[in-house]
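Notes follow once the structure below has been shown.
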Amino acid sequence: MAHTVKKAVVPAAGLGTRFLPATKALPKEMLPVVDTPAIQYVVEEAVRAGISDFLMITGRNKNALENHFDRNYELERTLEAKQDEARLEKVTHSTDLANIHYVRQGDPRGLGHAVLKAVHHVGHEPFALLLGDDIIHPKENLLERMLEVFEKTNSSVVALMEVPQELVSAYGVAVVESTDTTDVVRITGMVEKPEADKAPSNLAVIGRYILRPEVFGILEKTAPGRGGEIQLTDALSVLAENPDLGGGVVGLIFRGRRFDTGDRLEYLKSVVELAVERDDLGPGLLAWLHDFVAAQK
Ligand code: UTP
């Protein structure tokens, strides 16, 4: 199916303070999940969904990120000379994946502020927004499904996940109404990081969005909110509460596998789970894990 969404925006300018000291000189989006930076999984996911134009919002330490998606002639020549085709492919793959553009955020004043930096690149088109530290398991087709919902509804689409009540305070949480379609809800409001007993639902916003360009005008008027940051959730809440401004917001409830690699425990789980599934590493790691877990008792 041909989509009207051609561009993706990938914010990668956060400070990553939960992952210090690793993120002192490296964006958290560059942390390796097995042997591949988290952000490469994110770009590959969007490419599978038919998107080939990316804008990354970078902060300080952006060099590692840009270099990863750029050519590395020295490495390429060396591997060519050794006729090591398999490793050569690993080096060139990230360069050949897509057209990647970069813009600096300047001060990291929140996710909403980062998204606003994309206004000139995106223009008046709908776009996908994928958080660079949020990995959806490569076997899932969440983004494709979100694009289909967008084409049907012409509303901005947000991915939601059911989370246990004690965890809602870590997320933006949606106020929802059901629709005729399974796992698709209409969002009527949103709250950023509510206290567990005040949360309007257990449906948390995760790092995948299809947004209509009207969000930029709303972000421009959004004052700093929770934590003194310009919150994307606040702008989406305005879109959700005022459907006449930009077609409203719908949520697609995702029930598959997702890892927030900016969180250390989730990061460790992502490395183990994705490594166990691999032919080259899985059998050895799994055998060791069995012994290791048994030895803990
Ligand atoms: P997070 O809230 O997870 O990022 O932002 P953070 O602030 O770097 O994390 P901690 O709490 O200090 O560890 C979600 C996404 O938004 C980006 C981040 O890079 C991440 O991909 N982001 C956040 C920006 O690009 N700019 C910002 O100002 C804030």
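Residue numbers start at 1 in each chain; chains themselves are named A, B, ... in the order of the structure tokens; ligands are numbered from 1 in the order shown.
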(message) Can you pull out the residues contacting Arg71 of chain A? Cut-off 12 Å, using only C-alpha atoms, and skip same-chain residues under 6 positions away; I want them as an MDAnalysis selection string.
(response) chainID A and resid 77 88:97
(message) Just list as an MDAnalysis selection string whatever in segment 166-255 of chain A DSSP marks as strand (DSSP E or B).
(response) chainID A and resid 172:178 184:192 203:211 249:253
(message) With only C-alpha atoms as the counted atoms, please give the residues lying no more than 10 Å from Ala275 of chain A, apart from itself and same-chain residues fewer than 2 positions off, as a PyMOL selection string.
(response) chain A and resi 33-35+269-273+277-286
Could you write those residues out with all heavy atoms, as a short mmCIF file (atom, residue, chain, number, x, y, z; two decimals), in the first residue's frame?
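Listed below is the output, result_3.cif:
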data_model
loop_
_atom_site.label_atom_id
_atom_site.label_comp_id
_atom_site.auth_asym_id
_atom_site.auth_seq_id
_atom_site.Cartn_x
_atom_site.Cartn_y
_atom_site.Cartn_z
N VAL A 33 22.82 -2.76 21.01
CA VAL A 33 21.92 -3.84 21.43
C VAL A 33 22.42 -5.06 20.67
O VAL A 33 22.27 -5.14 19.46
CB VAL A 33 20.45 -3.49 21.13
CG1 VAL A 33 19.54 -4.66 21.49
CG2 VAL A 33 20.05 -2.24 21.90
N VAL A 34 23.10 -5.96 21.36
CA VAL A 34 23.94 -7.03 20.83
C VAL A 34 25.12 -6.34 20.09
O VAL A 34 26.02 -5.89 20.77
CB VAL A 34 23.17 -8.02 19.93
CG1 VAL A 34 24.07 -9.24 19.63
CG2 VAL A 34 21.89 -8.49 20.62
N ASP A 35 25.06 -6.18 18.78
CA ASP A 35 26.18 -5.54 18.09
C ASP A 35 25.74 -4.38 17.20
O ASP A 35 26.51 -3.91 16.36
CB ASP A 35 26.93 -6.59 17.24
CG ASP A 35 25.96 -7.38 16.36
OD1 ASP A 35 24.80 -6.97 16.23
OD2 ASP A 35 26.36 -8.43 15.82
N LYS A 269 17.52 -6.41 29.11
CA LYS A 269 16.57 -7.41 28.59
C LYS A 269 16.63 -7.44 27.06
O LYS A 269 16.54 -8.50 26.45
CB LYS A 269 15.15 -7.09 29.04
CG LYS A 269 14.90 -7.31 30.52
CD LYS A 269 13.44 -6.97 30.81
CE LYS A 269 13.16 -6.86 32.28
NZ LYS A 269 11.81 -6.35 32.55
N SER A 270 16.74 -6.26 26.45
CA SER A 270 16.74 -6.22 24.98
C SER A 270 17.96 -6.95 24.43
O SER A 270 17.86 -7.69 23.46
CB SER A 270 16.70 -4.77 24.47
OG SER A 270 17.92 -4.10 24.70
N VAL A 271 19.11 -6.76 25.08
CA VAL A 271 20.33 -7.42 24.61
C VAL A 271 20.17 -8.93 24.72
O VAL A 271 20.45 -9.68 23.77
CB VAL A 271 21.56 -6.94 25.42
CG1 VAL A 271 22.80 -7.73 25.01
CG2 VAL A 271 21.78 -5.45 25.22
N VAL A 272 19.68 -9.40 25.88
CA VAL A 272 19.56 -10.85 26.08
C VAL A 272 18.54 -11.43 25.10
O VAL A 272 18.82 -12.42 24.41
CB VAL A 272 19.16 -11.16 27.55
CG1 VAL A 272 18.86 -12.65 27.72
CG2 VAL A 272 20.27 -10.72 28.50
N GLU A 273 17.37 -10.80 25.00
CA GLU A 273 16.31 -11.37 24.18
C GLU A 273 16.72 -11.43 22.70
O GLU A 273 16.53 -12.44 22.02
CB GLU A 273 15.01 -10.58 24.36
CG GLU A 273 13.84 -11.30 23.78
CD GLU A 273 12.50 -10.80 24.30
OE1 GLU A 273 12.42 -10.29 25.44
OE2 GLU A 273 11.53 -10.94 23.54
N GLU A 277 17.82 -14.96 20.29
CA GLU A 277 17.12 -15.33 19.05
C GLU A 277 18.07 -15.48 17.86
O GLU A 277 17.64 -15.89 16.79
CB GLU A 277 16.08 -14.25 18.71
CG GLU A 277 14.92 -14.27 19.67
CD GLU A 277 13.96 -13.11 19.43
OE1 GLU A 277 14.14 -12.35 18.47
OE2 GLU A 277 13.02 -12.99 20.22
N ARG A 278 19.32 -15.10 18.05
CA ARG A 278 20.23 -15.14 16.89
C ARG A 278 20.93 -16.48 16.75
O ARG A 278 21.34 -17.08 17.74
CB ARG A 278 21.25 -14.02 17.04
CG ARG A 278 20.59 -12.73 16.66
CD ARG A 278 21.41 -11.59 16.37
NE ARG A 278 22.83 -11.79 16.18
CZ ARG A 278 23.66 -10.75 16.01
NH1 ARG A 278 23.18 -9.52 16.04
NH2 ARG A 278 24.94 -10.95 15.84
N ASP A 279 21.10 -16.91 15.49
CA ASP A 279 21.73 -18.20 15.24
C ASP A 279 23.19 -18.21 15.70
O ASP A 279 23.69 -19.22 16.19
CB ASP A 279 21.71 -18.52 13.73
CG ASP A 279 20.29 -18.75 13.25
OD1 ASP A 279 19.41 -19.02 14.10
OD2 ASP A 279 20.04 -18.62 12.03
N ASP A 280 23.88 -17.07 15.52
CA ASP A 280 25.31 -17.06 15.85
C ASP A 280 25.58 -17.01 17.35
O ASP A 280 26.59 -17.51 17.82
CB ASP A 280 26.03 -15.90 15.12
CG ASP A 280 25.39 -14.54 15.39
OD1 ASP A 280 24.27 -14.49 15.91
OD2 ASP A 280 26.03 -13.51 15.08
N LEU A 281 24.68 -16.40 18.11
CA LEU A 281 24.94 -16.20 19.53
C LEU A 281 23.97 -16.94 20.44
O LEU A 281 24.29 -17.24 21.60
CB LEU A 281 24.85 -14.70 19.87
CG LEU A 281 25.87 -13.80 19.19
CD1 LEU A 281 25.49 -12.33 19.33
CD2 LEU A 281 27.25 -14.03 19.80
N GLY A 282 22.76 -17.19 19.94
CA GLY A 282 21.68 -17.73 20.77
C GLY A 282 22.03 -19.00 21.51
O GLY A 282 21.94 -19.04 22.75
N PRO A 283 22.44 -20.08 20.82
CA PRO A 283 22.67 -21.35 21.52
C PRO A 283 23.68 -21.22 22.65
O PRO A 283 23.46 -21.70 23.76
CB PRO A 283 23.16 -22.28 20.40
CG PRO A 283 22.58 -21.68 19.14
CD PRO A 283 22.58 -20.20 19.36
N GLY A 284 24.80 -20.55 22.39
CA GLY A 284 25.84 -20.40 23.41
C GLY A 284 25.35 -19.57 24.59
O GLY A 284 25.58 -19.91 25.76
N LEU A 285 24.64 -18.47 24.29
CA LEU A 285 24.17 -17.60 25.38
C LEU A 285 23.11 -18.31 26.22
O LEU A 285 23.14 -18.23 27.46
CB LEU A 285 23.59 -16.30 24.78
CG LEU A 285 23.00 -15.32 25.79
CD1 LEU A 285 24.06 -14.85 26.79
CD2 LEU A 285 22.38 -14.11 25.08
N LEU A 286 22.21 -19.02 25.54
CA LEU A 286 21.12 -19.68 26.27
C LEU A 286 21.66 -20.76 27.21
O LEU A 286 21.24 -20.88 28.36
CB LEU A 286 20.13 -20.27 25.26
CG LEU A 286 18.72 -20.51 25.76
CD1 LEU A 286 18.10 -19.26 26.37
CD2 LEU A 286 17.84 -21.01 24.61
#
(request) Write as number ranges by chain the residues around ligand 1, taking 10 Å as the cut-off and counting only C-alpha atoms and all ligand atoms. (result) A: 10-20, 23, 27-29, 39, 56-59, 104-115, 117, 130-134, 170-171, 206-207, 229-232, 260-264
(request) Just the residues within 8 Å of Asp234 of chain A, please, counting only C-alpha atoms, with nothing from its chain fewer than 3 positions along; format it as number ranges by chain. (result) A: 190-192, 222, 225, 230-231, 237-238
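A straight line drawn from atom CA of Glu241 of chain A to atom CA of Phe254 of chain A is 22.5 Å long.
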(request) Have a look at atom CA of Ala128 of chain A and atom CA of Tyr209 of chain A and let me know their distance in Å, one decimal. (result) 5.7 Å
(request) Report the distance between atom CA of Ile218 of chain A and atom CA of Ala49 of chain A in Å, rounded to one decimal place. (result)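 A separation of 27.2 Å between them.
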(message) Could you list, as a list of chain:residue names, every residue within 9 Å of Ala196 of chain A, counting only C-alpha atoms and ignoring same-chain residues fewer than 3 positions away?
(response)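 Listing them by chain and then by number gives A:Gln165, A:Glu166, A:Leu167, A:Val168, A:Ser169, A:Lys193, A:Ala199.
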If you run DSSP on the backbone here, which positions in segment 57-250 of chain A get helix (DSSP H, G or I)? Please write them as a short mmCIF file (atom, residue, chain, number, x, y, z; two decimals) with N, CA and C atoms, in the first residue's frame.
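This went into selection-v1.cif:
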data_model
loop_
_atom_site.label_atom_id
_atom_site.label_comp_id
_atom_site.auth_asym_id
_atom_site.auth_seq_id
_atom_site.Cartn_x
_atom_site.Cartn_y
_atom_site.Cartn_z
N ASN A 63 28.59 13.31 16.81
CA ASN A 63 29.51 12.75 15.82
C ASN A 63 29.39 11.24 15.65
N ALA A 64 29.28 10.52 16.77
CA ALA A 64 29.21 9.06 16.68
C ALA A 64 28.00 8.66 15.85
N LEU A 65 26.91 9.37 16.03
CA LEU A 65 25.67 9.06 15.32
C LEU A 65 25.81 9.31 13.82
N GLU A 66 26.33 10.48 13.47
CA GLU A 66 26.50 10.80 12.04
C GLU A 66 27.49 9.85 11.40
N ASN A 67 28.57 9.56 12.12
CA ASN A 67 29.59 8.66 11.54
C ASN A 67 29.03 7.27 11.29
N HIS A 68 28.13 6.84 12.16
CA HIS A 68 27.59 5.49 12.01
C HIS A 68 26.82 5.32 10.70
N TYR A 73 35.55 4.74 4.72
CA TYR A 73 36.35 4.21 3.61
C TYR A 73 37.49 3.33 4.09
N GLU A 74 38.13 3.76 5.20
CA GLU A 74 39.29 3.00 5.68
C GLU A 74 38.89 1.55 6.01
N LEU A 75 37.78 1.45 6.77
CA LEU A 75 37.29 0.12 7.15
C LEU A 75 36.85 -0.67 5.91
N GLU A 76 36.19 0.02 4.98
CA GLU A 76 35.71 -0.66 3.77
C GLU A 76 36.88 -1.21 2.95
N ARG A 77 37.93 -0.36 2.74
CA ARG A 77 39.09 -0.80 1.95
C ARG A 77 39.77 -1.99 2.63
N THR A 78 39.90 -1.91 3.96
CA THR A 78 40.58 -2.99 4.69
C THR A 78 39.82 -4.30 4.55
N LEU A 79 38.50 -4.24 4.70
CA LEU A 79 37.71 -5.48 4.61
C LEU A 79 37.65 -5.99 3.17
N GLU A 80 37.64 -5.06 2.20
CA GLU A 80 37.68 -5.47 0.79
C GLU A 80 38.98 -6.22 0.50
N ALA A 81 40.09 -5.66 1.00
CA ALA A 81 41.39 -6.29 0.77
C ALA A 81 41.42 -7.70 1.36
N GLU A 85 33.52 -10.30 2.94
CA GLU A 85 32.26 -9.73 2.43
C GLU A 85 31.22 -9.55 3.55
N ALA A 86 31.17 -10.51 4.47
CA ALA A 86 30.14 -10.47 5.51
C ALA A 86 30.31 -9.22 6.38
N ARG A 87 31.56 -8.96 6.79
CA ARG A 87 31.77 -7.78 7.65
C ARG A 87 31.65 -6.49 6.84
N LEU A 88 32.05 -6.55 5.58
CA LEU A 88 31.93 -5.37 4.72
C LEU A 88 30.45 -4.97 4.60
N GLU A 89 29.60 -5.95 4.48
CA GLU A 89 28.16 -5.68 4.37
C GLU A 89 27.65 -5.00 5.64
N LYS A 90 28.18 -5.42 6.78
CA LYS A 90 27.77 -4.80 8.05
C LYS A 90 28.16 -3.32 8.09
N VAL A 91 29.30 -3.01 7.48
CA VAL A 91 29.78 -1.62 7.49
C VAL A 91 28.95 -0.75 6.54
N THR A 92 28.65 -1.28 5.34
CA THR A 92 27.97 -0.46 4.33
C THR A 92 26.46 -0.41 4.52
N HIS A 93 25.90 -1.41 5.20
CA HIS A 93 24.44 -1.50 5.34
C HIS A 93 23.82 -0.23 5.93
N SER A 94 24.40 0.26 7.03
CA SER A 94 23.79 1.42 7.69
C SER A 94 23.89 2.68 6.82
N THR A 95 24.93 2.72 5.96
CA THR A 95 25.09 3.88 5.07
C THR A 95 24.05 3.85 3.94
N ASP A 96 23.77 2.65 3.47
CA ASP A 96 22.89 2.51 2.30
C ASP A 96 21.40 2.45 2.67
N LEU A 111 11.07 16.76 24.59
CA LEU A 111 10.74 16.07 23.34
C LEU A 111 9.94 16.98 22.39
N GLY A 112 9.01 17.77 22.95
CA GLY A 112 8.22 18.67 22.11
C GLY A 112 9.11 19.69 21.41
N HIS A 113 10.09 20.19 22.12
CA HIS A 113 11.04 21.15 21.57
C HIS A 113 11.89 20.49 20.47
N ALA A 114 12.27 19.23 20.69
CA ALA A 114 13.04 18.48 19.68
C ALA A 114 12.20 18.32 18.41
N VAL A 115 10.94 17.96 18.57
CA VAL A 115 10.07 17.74 17.40
C VAL A 115 9.89 19.04 16.61
N LEU A 116 9.81 20.13 17.32
CA LEU A 116 9.62 21.44 16.67
C LEU A 116 10.79 21.77 15.73
N VAL A 119 10.31 21.22 11.85
CA VAL A 119 9.24 21.88 11.11
C VAL A 119 9.64 22.22 9.68
N HIS A 120 10.86 22.70 9.46
CA HIS A 120 11.23 23.10 8.10
C HIS A 120 11.45 21.90 7.20
N HIS A 121 12.03 20.85 7.75
CA HIS A 121 12.30 19.66 6.95
C HIS A 121 11.00 18.97 6.56
N VAL A 122 10.08 18.88 7.50
CA VAL A 122 8.83 18.13 7.27
C VAL A 122 7.86 18.94 6.42
N LEU A 142 4.28 -2.93 13.81
CA LEU A 142 3.52 -1.83 14.42
C LEU A 142 3.41 -0.60 13.51
N LEU A 143 4.54 -0.16 12.94
CA LEU A 143 4.51 1.08 12.16
C LEU A 143 3.62 0.92 10.91
N GLU A 144 3.71 -0.22 10.27
CA GLU A 144 2.85 -0.47 9.10
C GLU A 144 1.38 -0.35 9.49
N ARG A 145 1.04 -0.94 10.65
CA ARG A 145 -0.37 -0.89 11.10
C ARG A 145 -0.76 0.54 11.44
N MET A 146 0.15 1.30 12.04
CA MET A 146 -0.16 2.70 12.36
C MET A 146 -0.39 3.50 11.09
N LEU A 147 0.41 3.22 10.06
CA LEU A 147 0.25 3.94 8.79
C LEU A 147 -1.11 3.62 8.17
N GLU A 148 -1.54 2.37 8.30
CA GLU A 148 -2.87 1.99 7.77
C GLU A 148 -3.98 2.73 8.53
N VAL A 149 -3.83 2.80 9.85
CA VAL A 149 -4.84 3.51 10.65
C VAL A 149 -4.86 5.00 10.25
N PHE A 150 -3.68 5.55 10.01
CA PHE A 150 -3.62 6.95 9.60
C PHE A 150 -4.34 7.16 8.27
N GLU A 151 -4.08 6.27 7.30
CA GLU A 151 -4.70 6.43 5.98
C GLU A 151 -6.22 6.34 6.08
N LYS A 152 -6.70 5.50 7.01
CA LYS A 152 -8.16 5.32 7.16
C LYS A 152 -8.81 6.47 7.90
N THR A 153 -8.14 7.00 8.92
CA THR A 153 -8.80 7.97 9.80
C THR A 153 -8.41 9.42 9.51
N GLN A 165 -0.43 -0.67 36.71
CA GLN A 165 -0.76 0.61 37.35
C GLN A 165 0.45 1.29 38.00
N GLU A 166 1.32 0.50 38.63
CA GLU A 166 2.44 1.11 39.36
C GLU A 166 3.47 1.75 38.41
N LEU A 167 3.35 1.46 37.11
CA LEU A 167 4.32 2.03 36.16
C LEU A 167 3.79 3.21 35.35
N VAL A 168 2.50 3.52 35.49
CA VAL A 168 1.93 4.58 34.64
C VAL A 168 2.62 5.92 34.85
N SER A 169 3.14 6.15 36.06
CA SER A 169 3.73 7.46 36.36
C SER A 169 5.03 7.70 35.58
N ALA A 170 5.49 6.71 34.83
CA ALA A 170 6.70 6.90 34.02
C ALA A 170 6.36 7.30 32.58
N ALA A 196 -0.02 7.30 40.01
CA ALA A 196 -0.71 6.04 39.69
C ALA A 196 -2.21 6.12 39.99
N ASP A 197 -2.59 6.71 41.14
CA ASP A 197 -4.01 6.72 41.51
C ASP A 197 -4.81 7.79 40.76
N LYS A 198 -4.12 8.66 40.01
CA LYS A 198 -4.85 9.70 39.26
C LYS A 198 -4.80 9.45 37.75
N GLU A 214 -0.17 19.79 11.70
CA GLU A 214 -0.77 20.81 12.59
C GLU A 214 -0.11 20.78 13.98
N VAL A 215 0.54 19.66 14.30
CA VAL A 215 1.17 19.57 15.63
C VAL A 215 2.23 20.66 15.82
N PHE A 216 2.88 21.09 14.72
CA PHE A 216 3.93 22.10 14.86
C PHE A 216 3.38 23.43 15.39
N GLY A 217 2.24 23.85 14.82
CA GLY A 217 1.63 25.11 15.25
C GLY A 217 1.27 25.05 16.73
N ILE A 218 0.82 23.89 17.17
CA ILE A 218 0.44 23.73 18.59
C ILE A 218 1.70 23.72 19.46
N LEU A 219 2.73 23.03 19.01
CA LEU A 219 3.99 22.99 19.78
C LEU A 219 4.58 24.39 19.95
N GLU A 220 4.44 25.21 18.89
CA GLU A 220 4.97 26.57 18.98
C GLU A 220 4.33 27.34 20.13
N ARG A 226 5.64 19.76 32.57
CA ARG A 226 6.28 18.94 33.59
C ARG A 226 7.80 18.92 33.41
N GLY A 227 8.53 19.13 34.50
CA GLY A 227 10.00 19.11 34.46
C GLY A 227 10.58 20.32 33.75
N GLY A 228 9.75 21.35 33.48
CA GLY A 228 10.26 22.54 32.79
C GLY A 228 10.54 22.29 31.32
N LEU A 232 5.75 16.94 24.36
CA LEU A 232 4.94 16.54 23.20
C LEU A 232 3.54 16.11 23.66
N THR A 233 3.48 15.47 24.81
CA THR A 233 2.19 15.01 25.34
C THR A 233 1.21 16.18 25.49
N ASP A 234 1.71 17.33 25.94
CA ASP A 234 0.82 18.49 26.11
C ASP A 234 0.25 18.94 24.76
N ALA A 235 1.08 18.94 23.73
CA ALA A 235 0.61 19.34 22.39
C ALA A 235 -0.38 18.31 21.85
N LEU A 236 -0.09 17.03 22.07
CA LEU A 236 -1.01 15.99 21.59
C LEU A 236 -2.33 16.06 22.32
N SER A 237 -2.28 16.46 23.58
CA SER A 237 -3.50 16.60 24.35
C SER A 237 -4.39 17.69 23.74
N VAL A 238 -3.76 18.78 23.31
CA VAL A 238 -4.52 19.87 22.66
C VAL A 238 -5.14 19.34 21.35
N LEU A 239 -4.35 18.59 20.57
CA LEU A 239 -4.88 18.02 19.32
C LEU A 239 -6.05 17.07 19.60
N ALA A 240 -5.91 16.29 20.68
CA ALA A 240 -6.94 15.30 21.01
C ALA A 240 -8.23 15.97 21.50
N GLU A 241 -8.06 17.04 22.27
CA GLU A 241 -9.24 17.71 22.84
C GLU A 241 -9.94 18.61 21.82
N PRO A 243 -10.51 18.28 18.01
CA PRO A 243 -10.37 17.58 16.73
C PRO A 243 -10.42 18.52 15.52
N ASP A 244 -11.08 19.67 15.66
CA ASP A 244 -11.18 20.62 14.54
C ASP A 244 -9.81 21.23 14.20
N LEU A 245 -8.85 21.18 15.15
CA LEU A 245 -7.53 21.77 14.88
C LEU A 245 -6.67 20.93 13.95
N GLY A 246 -6.84 19.60 14.00
CA GLY A 246 -5.96 18.76 13.17
C GLY A 246 -6.42 17.33 13.07
#
(request) Determine the nearest neighbour of Asn202 of chain A from the options A:Asp180, A:Ala174, A:Ala223, A:Val250, counting only C-alpha atoms. (result)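 With only C-alpha atoms as the atom set, the closest residue is A:Ala174.
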(request) Write out as an NGL selection string which residues come within 10 Å of Glu125 of chain A when counting only C-alpha atoms, dropping same-chain ones fewer than 5 positions away. (result) :A and (4-7 or 119 or 211-214)
Residue subset to file, keeping all heavy atoms, as a tab-separated table (two decimals), in the first residue's frame:
chain	number	residue	atom	x	y	z
A	4	THR	N	0.96	8.10	2.31
A	4	THR	CA	1.23	9.52	2.13
A	4	THR	C	2.36	9.97	3.07
A	4	THR	O	2.85	11.07	2.94
A	4	THR	CB	-0.03	10.35	2.45
A	4	THR	OG1	-0.49	9.96	3.73
A	4	THR	CG2	-1.11	10.14	1.42
A	5	VAL	N	2.75	9.09	3.99
A	5	VAL	CA	3.81	9.45	4.93
A	5	VAL	C	5.16	9.03	4.35
A	5	VAL	O	5.41	7.84	4.12
A	5	VAL	CB	3.57	8.77	6.30
A	5	VAL	CG1	4.69	9.08	7.27
A	5	VAL	CG2	2.22	9.20	6.87
A	6	LYS	N	6.00	10.00	4.07
A	6	LYS	CA	7.27	9.71	3.40
A	6	LYS	C	8.47	9.98	4.31
A	6	LYS	O	9.57	9.53	4.02
A	6	LYS	CB	7.44	10.61	2.16
A	6	LYS	CG	6.28	10.56	1.19
A	6	LYS	CD	6.40	9.36	0.28
A	6	LYS	CE	5.27	9.28	-0.71
A	6	LYS	NZ	4.65	7.96	-0.73
A	7	LYS	N	8.25	10.77	5.36
A	7	LYS	CA	9.38	11.21	6.18
A	7	LYS	C	9.26	10.72	7.62
A	7	LYS	O	8.15	10.64	8.15
A	7	LYS	CB	9.45	12.74	6.19
A	7	LYS	CG	9.80	13.33	4.84
A	7	LYS	CD	9.81	14.84	4.89
A	7	LYS	CE	10.10	15.40	3.51
A	7	LYS	NZ	9.89	16.84	3.44
A	119	VAL	N	10.31	21.22	11.85
A	119	VAL	CA	9.24	21.88	11.11
A	119	VAL	C	9.64	22.22	9.68
A	119	VAL	O	8.87	21.99	8.74
A	119	VAL	CB	8.69	23.11	11.88
A	119	VAL	CG1	9.73	24.19	12.08
A	119	VAL	CG2	7.46	23.68	11.21
A	211	LEU	N	2.13	11.76	12.85
A	211	LEU	CA	1.57	13.06	13.24
A	211	LEU	C	1.20	13.90	12.03
A	211	LEU	O	1.94	13.92	11.03
A	211	LEU	CB	2.59	13.82	14.11
A	211	LEU	CG	2.96	13.13	15.42
A	211	LEU	CD1	4.03	13.92	16.16
A	211	LEU	CD2	1.73	12.94	16.31
A	212	ARG	N	0.10	14.56	12.15
A	212	ARG	CA	-0.26	15.55	11.13
A	212	ARG	C	0.52	16.84	11.42
A	212	ARG	O	0.85	17.14	12.56
A	212	ARG	CB	-1.78	15.80	11.18
A	212	ARG	CG	-2.52	14.66	10.52
A	212	ARG	CD	-3.96	14.89	10.26
A	212	ARG	NE	-4.43	16.25	10.15
A	212	ARG	CZ	-5.66	16.57	9.74
A	212	ARG	NH1	-6.53	15.62	9.41
A	212	ARG	NH2	-6.05	17.83	9.68
A	213	PRO	N	0.83	17.60	10.36
A	213	PRO	CA	1.72	18.75	10.55
A	213	PRO	C	1.14	19.84	11.44
A	213	PRO	O	1.88	20.71	11.91
A	213	PRO	CB	1.96	19.25	9.12
A	213	PRO	CG	0.83	18.70	8.32
A	213	PRO	CD	0.43	17.41	8.95
A	214	GLU	N	-0.17	19.79	11.70
A	214	GLU	CA	-0.77	20.81	12.59
A	214	GLU	C	-0.11	20.78	13.98
A	214	GLU	O	-0.19	21.75	14.73
A	214	GLU	CB	-2.28	20.57	12.75
A	214	GLU	CG	-3.11	20.92	11.54
A	214	GLU	CD	-3.24	19.79	10.52
A	214	GLU	OE1	-2.47	18.80	10.62
A	214	GLU	OE2	-4.11	19.90	9.64
